[in-house]
Amino acid sequence: MKIAISGASGKTGSRIAEEAIASGNRVRLLLRKGSFLPNTLSGQEKTVISLNDSISIEKSLDGCDALIIATGARPSIDLTGPARVDAFGVKQQVLSCQRSGIKRILLVSSLCAGRWIHPLNLFGLILVWKRIGEKALEESGLDWTVIRPGGLNEEEEELETQGIRYTAADFQQDAYIPRRLLAKCCIEALQTPESKNKIIEVTSSKEQPSITMKQALKDIAI
Ligand SMILES: NC(=O)c1ccc[n+]([C@@H]2O[C@H](COP(=O)([O-])OP(=O)(O)OC[C@H]3O[C@@H](n4cnc5c(N)ncnc54)[C@H](OP(=O)(O)O)[C@@H]3O)[C@@H](O)[C@H]2O)c1
């Protein structure tokens, strides 16, 4: 598969790109002007997009089979970021997939997306805007998956000792997951047809038994 990854300069997006490559896929990294990539991705195909300009996104999807959206408003005193990036920026990316004929799309969202009352909403009502972004996928007619992770961390060691807790929407509200495991989940979702048209919440812990996403989706009513 050739996978387009937006937000590939981010802490999750860059790991998604690394995991996509590690599992034998080709990638195209969709970056905004001025984004910095880690050295691990320096030789990869990249293109510059603006989330305000769906034509730039559409062009950058040419020849790709799927888009993973890992853009997210960076914490800032500009409280309009979540509306611009997590809602309208996602809508533009969905529109670009529809126009360019890409059928498969995956969005990295967040636990508690859609909640009005939550401390994270002090940053520009981010959870409310994230739900609007999710809805754009749900209503797109594309083969979509929304992955809602818990709090993200930078753990990279002994991740094989952690199992992932998969649930349907609005079952989990706290707990964490390393960005590396989230990245692996995103790639696994693209390889798991049962993940289509679903919101999947993911957190991880050492107490959680290790199972595949396919098995988890069979066992639980998502
Ligand atoms: N932090 C958490 O604990 C947590 C928990 C749950 C869910 N999430 C969500 O998970 C996702 C990944 O989080 P993260 O902390 O790993 O991400 P991150 O490191 O903050 O990366 C964000 C990415 O989005 C890009 N971006 C931001 N604004 C943009 C714009 N206007 N146009 C184009 N690209 C833009 C950034 O590009 P630049 O490099 O150019 O800035 C970067 O590539 C986000 O959606 C986040 O909200 C985070």
# chains A, B, ... in the order shown; residues from 1 in each chain; ligands from 1
$ residues_around --residues "region 24-31 of chain A" --least-positions-apart "3" --cutoff "12 Å" --atoms "only C-alpha atoms" --output "PyMOL selection string"
chain A and resi 1-10+13-21+34-38+41-51+56-71+93+187-188+190-191
$ residues_around --residues "region 75-83 of chain A" --least-positions-apart "4" --cutoff "12 Å" --atoms "only C-alpha atoms" --output "tab-separated table (two decimals) with N, CA and C atoms, in the first residue's frame"
chain	number	residue	atom	x	y	z
A	51	LEU	N	-3.81	23.23	5.14
A	51	LEU	CA	-5.13	22.70	5.50
A	51	LEU	C	-6.25	23.62	5.02
A	71	THR	N	-2.72	15.00	12.03
A	71	THR	CA	-2.59	16.42	12.37
A	71	THR	C	-3.37	16.67	13.66
A	87	ALA	N	-11.12	20.32	13.41
A	87	ALA	CA	-12.44	20.22	12.76
A	87	ALA	C	-12.32	20.57	11.27
A	88	PHE	N	-12.05	21.84	10.95
A	88	PHE	CA	-12.07	22.23	9.54
A	88	PHE	C	-10.90	21.61	8.76
A	89	GLY	N	-9.75	21.48	9.40
A	89	GLY	CA	-8.60	20.84	8.74
A	89	GLY	C	-8.89	19.39	8.41
A	90	VAL	N	-9.60	18.71	9.30
A	90	VAL	CA	-9.97	17.31	9.02
A	90	VAL	C	-11.01	17.27	7.91
A	91	LYS	N	-11.99	18.18	7.98
A	91	LYS	CA	-13.01	18.22	6.91
A	91	LYS	C	-12.36	18.40	5.54
A	109	SER	N	-7.92	10.58	16.69
A	109	SER	CA	-8.72	11.55	17.44
A	109	SER	C	-8.32	11.50	18.91
A	113	ALA	N	-13.66	12.59	22.92
A	113	ALA	CA	-14.07	13.50	21.84
A	113	ALA	C	-15.59	13.70	21.93
A	120	LEU	N	-9.51	19.36	29.26
A	120	LEU	CA	-8.78	19.59	28.00
A	120	LEU	C	-9.44	20.68	27.15
A	121	ASN	N	-10.74	20.92	27.39
A	121	ASN	CA	-11.45	21.93	26.59
A	121	ASN	C	-11.01	23.36	26.91
A	122	LEU	N	-10.18	23.53	27.96
A	122	LEU	CA	-9.63	24.86	28.21
A	122	LEU	C	-8.81	25.32	27.01
A	123	PHE	N	-8.29	24.35	26.24
A	123	PHE	CA	-7.62	24.68	24.99
A	123	PHE	C	-8.66	24.68	23.86
A	124	GLY	N	-9.33	25.81	23.69
A	124	GLY	CA	-10.19	26.05	22.51
A	124	GLY	C	-11.28	25.02	22.28
A	125	LEU	N	-11.84	24.44	23.34
A	125	LEU	CA	-12.92	23.43	23.20
A	125	LEU	C	-12.48	22.27	22.29
A	126	ILE	N	-11.25	21.86	22.50
A	126	ILE	CA	-10.67	20.90	21.54
A	126	ILE	C	-11.47	19.61	21.40
A	127	LEU	N	-12.05	19.12	22.48
A	127	LEU	CA	-12.77	17.83	22.37
A	127	LEU	C	-14.06	17.98	21.56
A	128	VAL	N	-14.64	19.16	21.61
A	128	VAL	CA	-15.85	19.41	20.82
A	128	VAL	C	-15.49	19.46	19.33
A	129	TRP	N	-14.41	20.15	19.01
A	129	TRP	CA	-13.98	20.25	17.60
A	129	TRP	C	-13.51	18.90	17.07
A	130	LYS	N	-12.88	18.11	17.94
A	130	LYS	CA	-12.43	16.79	17.47
A	130	LYS	C	-13.62	15.93	17.05
A	131	ARG	N	-14.72	16.05	17.78
A	131	ARG	CA	-15.91	15.26	17.41
A	131	ARG	C	-16.45	15.72	16.06
A	132	ILE	N	-16.37	17.00	15.80
A	132	ILE	CA	-16.83	17.50	14.48
A	132	ILE	C	-15.95	16.93	13.37
A	133	GLY	N	-14.66	16.85	13.65
A	133	GLY	CA	-13.76	16.21	12.68
A	133	GLY	C	-14.13	14.75	12.48
$ residues_around --residues "region 206-219 of chain A" --least-positions-apart "3" --cutoff "10 Å" --atoms "only C-alpha atoms" --output "JSON, numbers by chain"
{"A": [158, 159, 160, 161, 162, 163, 164, 165, 166, 167, 168, 185, 188, 189, 191, 192, 193, 194, 195, 198, 200, 203, 222]}
$ closest_residue --among "A:Lys11, A:His118, A:Arg104, A:Arg84" --to "ligand 1" --atoms "only C-alpha atoms and all ligand atoms"
A:Lys11
$ closest_residue --among "A:Ile220, A:Cys186, A:Val94, A:Val108" --to "ligand 1" --atoms "only C-alpha atoms and all ligand atoms"
A:Val108
$ closest_residue --among "A:Leu142, A:Thr12, A:Thr40, A:Ser204" --to "Arg179 (chain A)" --atoms "only C-alpha atoms"
A:Thr12
$ closest_residue --among "A:Leu111, A:Ile147, A:Ala22, A:Ala73" --to "Phe171 (chain A)" --atoms "only C-alpha atoms"
A:Leu111
$ residues_around --residues "Asn153 (chain A)" --least-positions-apart "2" --cutoff "12 Å" --atoms "only C-alpha atoms" --output "PyMOL selection string"
chain A and resi 11-12+149-151+155-157+159+175-183+203-204
$ write_last_selection --atoms "C-alpha atoms" --output "compact mmCIF listing (two decimals), in the first residue's frame"
# COMPACT_ATOMS: atom_id res chain seq x y z
CA LYS A 11 5.31 12.87 17.61
CA THR A 12 2.59 10.41 16.61
CA PRO A 149 -6.22 7.10 22.03
CA GLY A 150 -5.87 7.82 25.72
CA GLY A 151 -3.16 10.17 27.01
CA GLU A 155 7.63 5.20 26.10
CA GLU A 156 9.63 3.08 23.65
CA GLU A 157 10.97 0.30 25.89
CA LEU A 159 6.23 -2.26 24.74
CA ALA A 175 -5.45 5.77 30.95
CA TYR A 176 -2.58 6.10 28.54
CA ILE A 177 -0.94 4.59 25.50
CA PRO A 178 2.57 5.09 24.14
CA ARG A 179 2.63 6.87 20.79
CA ARG A 180 4.59 3.92 19.38
CA LEU A 181 1.76 1.50 20.21
CA LEU A 182 -0.82 3.94 18.85
CA ALA A 183 1.17 4.10 15.61
CA THR A 203 -5.30 2.48 25.85
CA SER A 204 -2.63 0.08 27.04
$ select_by_dssp --residues "region 44-219 of chain A" --states "strand (DSSP E or B)" --output "number ranges by chain"
A: 45-48, 66-69, 104-108, 143-149, 151-153, 163-167, 176-178, 198-205
$ closest_residue --among "A:Ser110, A:Ser100, A:Ser54, A:Gln92" --to "ligand 1" --atoms "only C-alpha atoms and all ligand atoms"
A:Ser110
$ select_by_dssp --residues "region 16-150 of chain A" --states "helix (DSSP H, G or I)" --output "PyMOL selection string"
chain A and resi 16-22+39-41+54-60+81-100+119-122+126-138
$ closest_residue --among "A:Val85, A:Ile102, A:Val202, A:Ala169" --to "ligand 1" --atoms "only C-alpha atoms and all ligand atoms"
A:Val85
$ atom_distance --atom1 "CA of Asn39 (chain A)" --atom2 "CA of Ile55 (chain A)"
28.5 Å
$ residues_around --residues "Glu139 (chain A)" --least-positions-apart "4" --cutoff "10 Å" --atoms "only C-alpha atoms" --output "MDAnalysis selection string"
chainID A and resid 94 134:135 144 197
$ atom_distance --atom1 "CA of Asn52 (chain A)" --atom2 "CA of Lys184 (chain A)"
29.0 Å
